[in-house]
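These notes are about the structure you will find just below.
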Amino acid sequence: QVQLVESGGGLVQPGGSLRLSCAASRRLNFINVMGWYRQAPGKERELVASITRGGNLSYGESVKGRFTISRDDAKNTVYLQMNTLKPEDTAVYYCNAHLYNANTYWGQGTQVTVSA
């Protein structure tokens, strides 16, 4: 089992930046894929970015060039650097861990609001 704790959300103006953190209760070596998803009111949850154990990166089309996912194995933490934020980035952001045995775990979510 893996516990995931997100932090770093908040209110930011359009064009601003935020960095989200996701601390895992297990070493990232045991996790196949770490990802960030988001869900806006009335919309389905969507992939924002993911990073595999081997370092392969994937991004949603709407965030390419603005968001960057990274990992610090020493801290068992995955980050999401979000730049040039837009109002449409407003959502609850969730951390996800997909293990090699196909089990999947979610964090509790952190709210990101982009508004003037």
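Letters A, B, ... mark the chains of the structure tokens in the order given; residue numbers begin at 1 per chain; ligand numbers begin at 1, in order shown.
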
Q. Could you pull out the strand (DSSP E) residues of chain A from DSSP and send them as an MDAnalysis selection string?
A. chainID A and resid 4:7 10:12 18:24 31:39 46:52 57:59 67:72 77:82 91:99 104:106 110:114

Mind running stretch 15-40 of chain A against stretch 95-104 of chain A at 6 Å and telling me each contacting residue's nearest atom pair with the distance in Å (one decimal), counting only C-alpha atoms, chain and number ascending, as a tab-separated table?
```
residue	atom	partner	partner_atom	distance
A:Ile31	CA	A:Leu99	CA	4.6
A:Asn32	CA	A:Leu99	CA	5.0
A:Val33	CA	A:His98	CA	5.1
A:Met34	CA	A:Ala97	CA	4.7
A:Gly35	CA	A:Asn96	CA	5.0
A:Trp36	CA	A:Cys95	CA	4.7
```

Q.
If we count only C-alpha atoms and set the cut-off at 8 Å, which residues sit around stretch 5-22 of chain A, ignoring sequence neighbours fewer than 3 positions away in its own chain? Please answer as an MDAnalysis selection string.
A. chainID A and resid 77:87 94:95 107:116

Put those residues in a file: N, CA and C atoms, as a PDB file, in the first residue's frame.
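Saved the output as part.pdb:
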```pdb
ATOM      1  N   THR A  77       9.496  11.887  -3.405  1.00  0.00           N
ATOM      2  CA  THR A  77       8.590  12.978  -3.742  1.00  0.00           C
ATOM      3  C   THR A  77       8.594  13.252  -5.241  1.00  0.00           C
ATOM      4  N   VAL A  78       7.409  13.524  -5.755  1.00  0.00           N
ATOM      5  CA  VAL A  78       7.241  13.941  -7.141  1.00  0.00           C
ATOM      6  C   VAL A  78       6.695  15.364  -7.143  1.00  0.00           C
ATOM      7  N   TYR A  79       7.181  16.156  -8.092  1.00  0.00           N
ATOM      8  CA  TYR A  79       6.793  17.558  -8.155  1.00  0.00           C
ATOM      9  C   TYR A  79       6.086  17.856  -9.476  1.00  0.00           C
ATOM     10  N   LEU A  80       5.267  18.895  -9.454  1.00  0.00           N
ATOM     11  CA  LEU A  80       4.673  19.423 -10.671  1.00  0.00           C
ATOM     12  C   LEU A  80       4.880  20.934 -10.654  1.00  0.00           C
ATOM     13  N   GLN A  81       5.801  21.397 -11.480  1.00  0.00           N
ATOM     14  CA  GLN A  81       6.033  22.826 -11.622  1.00  0.00           C
ATOM     15  C   GLN A  81       5.075  23.359 -12.669  1.00  0.00           C
ATOM     16  N   MET A  82       4.259  24.314 -12.281  1.00  0.00           N
ATOM     17  CA  MET A  82       3.238  24.858 -13.175  1.00  0.00           C
ATOM     18  C   MET A  82       3.531  26.332 -13.421  1.00  0.00           C
ATOM     19  N   ASN A  83       3.816  26.662 -14.664  1.00  0.00           N
ATOM     20  CA  ASN A  83       4.114  28.044 -15.053  1.00  0.00           C
ATOM     21  C   ASN A  83       3.053  28.563 -16.009  1.00  0.00           C
ATOM     22  N   THR A  84       3.024  29.864 -16.141  1.00  0.00           N
ATOM     23  CA  THR A  84       2.075  30.528 -17.050  1.00  0.00           C
ATOM     24  C   THR A  84       0.663  29.983 -16.846  1.00  0.00           C
ATOM     25  N   LEU A  85       0.228  29.990 -15.612  1.00  0.00           N
ATOM     26  CA  LEU A  85      -1.068  29.403 -15.279  1.00  0.00           C
ATOM     27  C   LEU A  85      -2.207  30.218 -15.882  1.00  0.00           C
ATOM     28  N   LYS A  86      -3.252  29.484 -16.272  1.00  0.00           N
ATOM     29  CA  LYS A  86      -4.427  30.073 -16.893  1.00  0.00           C
ATOM     30  C   LYS A  86      -5.668  29.760 -16.039  1.00  0.00           C
ATOM     31  N   PRO A  87      -6.707  30.554 -16.159  1.00  0.00           N
ATOM     32  CA  PRO A  87      -7.932  30.253 -15.391  1.00  0.00           C
ATOM     33  C   PRO A  87      -8.445  28.832 -15.638  1.00  0.00           C
ATOM     34  N   TYR A  94      -4.672  15.853  -8.270  1.00  0.00           N
ATOM     35  CA  TYR A  94      -4.470  14.607  -7.538  1.00  0.00           C
ATOM     36  C   TYR A  94      -3.174  13.930  -7.952  1.00  0.00           C
ATOM     37  N   CYS A  95      -2.485  13.400  -6.972  1.00  0.00           N
ATOM     38  CA  CYS A  95      -1.303  12.594  -7.223  1.00  0.00           C
ATOM     39  C   CYS A  95      -1.727  11.130  -7.350  1.00  0.00           C
ATOM     40  N   GLY A 107      -3.883  10.377  -3.967  1.00  0.00           N
ATOM     41  CA  GLY A 107      -3.819  11.295  -2.845  1.00  0.00           C
ATOM     42  C   GLY A 107      -5.167  11.947  -2.623  1.00  0.00           C
ATOM     43  N   GLN A 108      -5.230  12.826  -1.627  1.00  0.00           N
ATOM     44  CA  GLN A 108      -6.499  13.432  -1.262  1.00  0.00           C
ATOM     45  C   GLN A 108      -6.840  14.630  -2.139  1.00  0.00           C
ATOM     46  N   GLY A 109      -5.876  15.116  -2.888  1.00  0.00           N
ATOM     47  CA  GLY A 109      -6.095  16.247  -3.783  1.00  0.00           C
ATOM     48  C   GLY A 109      -5.732  17.579  -3.147  1.00  0.00           C
ATOM     49  N   THR A 110      -5.333  18.505  -4.006  1.00  0.00           N
ATOM     50  CA  THR A 110      -5.030  19.865  -3.565  1.00  0.00           C
ATOM     51  C   THR A 110      -5.638  20.843  -4.572  1.00  0.00           C
ATOM     52  N   GLN A 111      -6.282  21.880  -4.054  1.00  0.00           N
ATOM     53  CA  GLN A 111      -7.000  22.819  -4.917  1.00  0.00           C
ATOM     54  C   GLN A 111      -6.034  23.839  -5.517  1.00  0.00           C
ATOM     55  N   VAL A 112      -6.153  24.038  -6.810  1.00  0.00           N
ATOM     56  CA  VAL A 112      -5.435  25.105  -7.504  1.00  0.00           C
ATOM     57  C   VAL A 112      -6.477  26.017  -8.141  1.00  0.00           C
ATOM     58  N   THR A 113      -6.415  27.293  -7.795  1.00  0.00           N
ATOM     59  CA  THR A 113      -7.345  28.271  -8.340  1.00  0.00           C
ATOM     60  C   THR A 113      -6.561  29.384  -9.012  1.00  0.00           C
ATOM     61  N   VAL A 114      -6.847  29.614 -10.292  1.00  0.00           N
ATOM     62  CA  VAL A 114      -6.175  30.657 -11.060  1.00  0.00           C
ATOM     63  C   VAL A 114      -7.205  31.737 -11.365  1.00  0.00           C
ATOM     64  N   SER A 115      -7.018  32.889 -10.722  1.00  0.00           N
ATOM     65  CA  SER A 115      -8.012  33.950 -10.842  1.00  0.00           C
ATOM     66  C   SER A 115      -7.379  35.283 -10.510  1.00  0.00           C
ATOM     67  N   ALA A 116      -7.869  36.304 -11.192  1.00  0.00           N
ATOM     68  CA  ALA A 116      -7.411  37.659 -10.894  1.00  0.00           C
ATOM     69  C   ALA A 116      -8.150  38.230  -9.695  1.00  0.00           C
TER      70      ALA A 116
END
```

Q.
Report as a PyMOL selection string all protein, DNA and RNA residues lying within 10 Å of A:Lys64, evaluated on only C-alpha atoms, omitting residues in the same chain fewer than 4 positions from it.
A. chain A and resi 48-49+58-60+68

Pull C-alpha atoms from the residues just selected and write them as a PDB file, in the first residue's frame.
```pdb
ATOM      1  CA  VAL A  48      -1.811  16.297 -16.459  1.00  0.00           C
ATOM      2  CA  ALA A  49       1.609  14.668 -16.421  1.00  0.00           C
ATOM      3  CA  SER A  58       4.126  12.323 -20.616  1.00  0.00           C
ATOM      4  CA  TYR A  59       1.996  15.485 -20.599  1.00  0.00           C
ATOM      5  CA  GLY A  60      -1.557  16.425 -21.387  1.00  0.00           C
ATOM      6  CA  THR A  68       7.068  20.108 -15.758  1.00  0.00           C
TER       7      THR A  68
END
```

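Straight-line separation from atom CA of A:Asn56 to atom CA of A:Thr90: 26.0 Å.
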
Q) Could you write out, as JSON, numbers by chain, all the residues of chain A that DSSP marks as helix (DSSP H, G or I)? A) {"A": [28, 29, 30, 61, 62, 63, 73, 74, 75, 87, 88, 89]}

Residue selection dump (N, CA and C atoms) as a compact mmCIF listing (two decimals), in the first residue's frame:
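Heads up, here's the output in result-v7.txt:
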```
# COMPACT_ATOMS: atom_id res chain seq x y z
N LEU A 28 10.19 5.40 -4.27
CA LEU A 28 9.71 5.50 -5.64
C LEU A 28 10.23 4.35 -6.50
N ASN A 29 11.27 3.66 -6.04
CA ASN A 29 11.79 2.50 -6.77
C ASN A 29 10.71 1.43 -6.96
N PHE A 30 9.73 1.38 -6.02
CA PHE A 30 8.70 0.35 -6.07
C PHE A 30 7.48 0.77 -6.87
N GLU A 61 -2.09 17.55 -23.46
CA GLU A 61 -1.87 18.54 -24.52
C GLU A 61 -2.00 19.97 -24.02
N SER A 62 -2.92 20.21 -23.11
CA SER A 62 -3.19 21.57 -22.68
C SER A 62 -2.11 22.15 -21.77
N VAL A 63 -1.20 21.32 -21.28
CA VAL A 63 -0.17 21.82 -20.35
C VAL A 63 1.24 21.70 -20.92
N ASP A 73 14.04 10.95 -5.81
CA ASP A 73 13.96 9.63 -5.20
C ASP A 73 14.44 9.63 -3.75
N ALA A 74 15.36 10.51 -3.44
CA ALA A 74 15.87 10.57 -2.06
C ALA A 74 14.80 11.03 -1.09
N LYS A 75 13.86 11.81 -1.60
CA LYS A 75 12.77 12.33 -0.75
C LYS A 75 11.45 11.62 -1.00
N PRO A 87 -6.71 30.55 -16.16
CA PRO A 87 -7.93 30.25 -15.39
C PRO A 87 -8.44 28.83 -15.64
N GLU A 88 -8.26 28.32 -16.84
CA GLU A 88 -8.73 26.97 -17.15
C GLU A 88 -7.90 25.87 -16.49
N ASP A 89 -6.82 26.25 -15.83
CA ASP A 89 -6.05 25.27 -15.05
C ASP A 89 -6.65 25.07 -13.66
```

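Atom to atom, atom CA of A:Arg26 and atom CA of A:Tyr93 stand 20.4 Å apart.
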
Q. Interatomic distance between atom CA of A:Pro41 and atom CA of A:Ile69?
A.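 Separation of atom CA of A:Pro41 and atom CA of A:Ile69: 23.6 Å.
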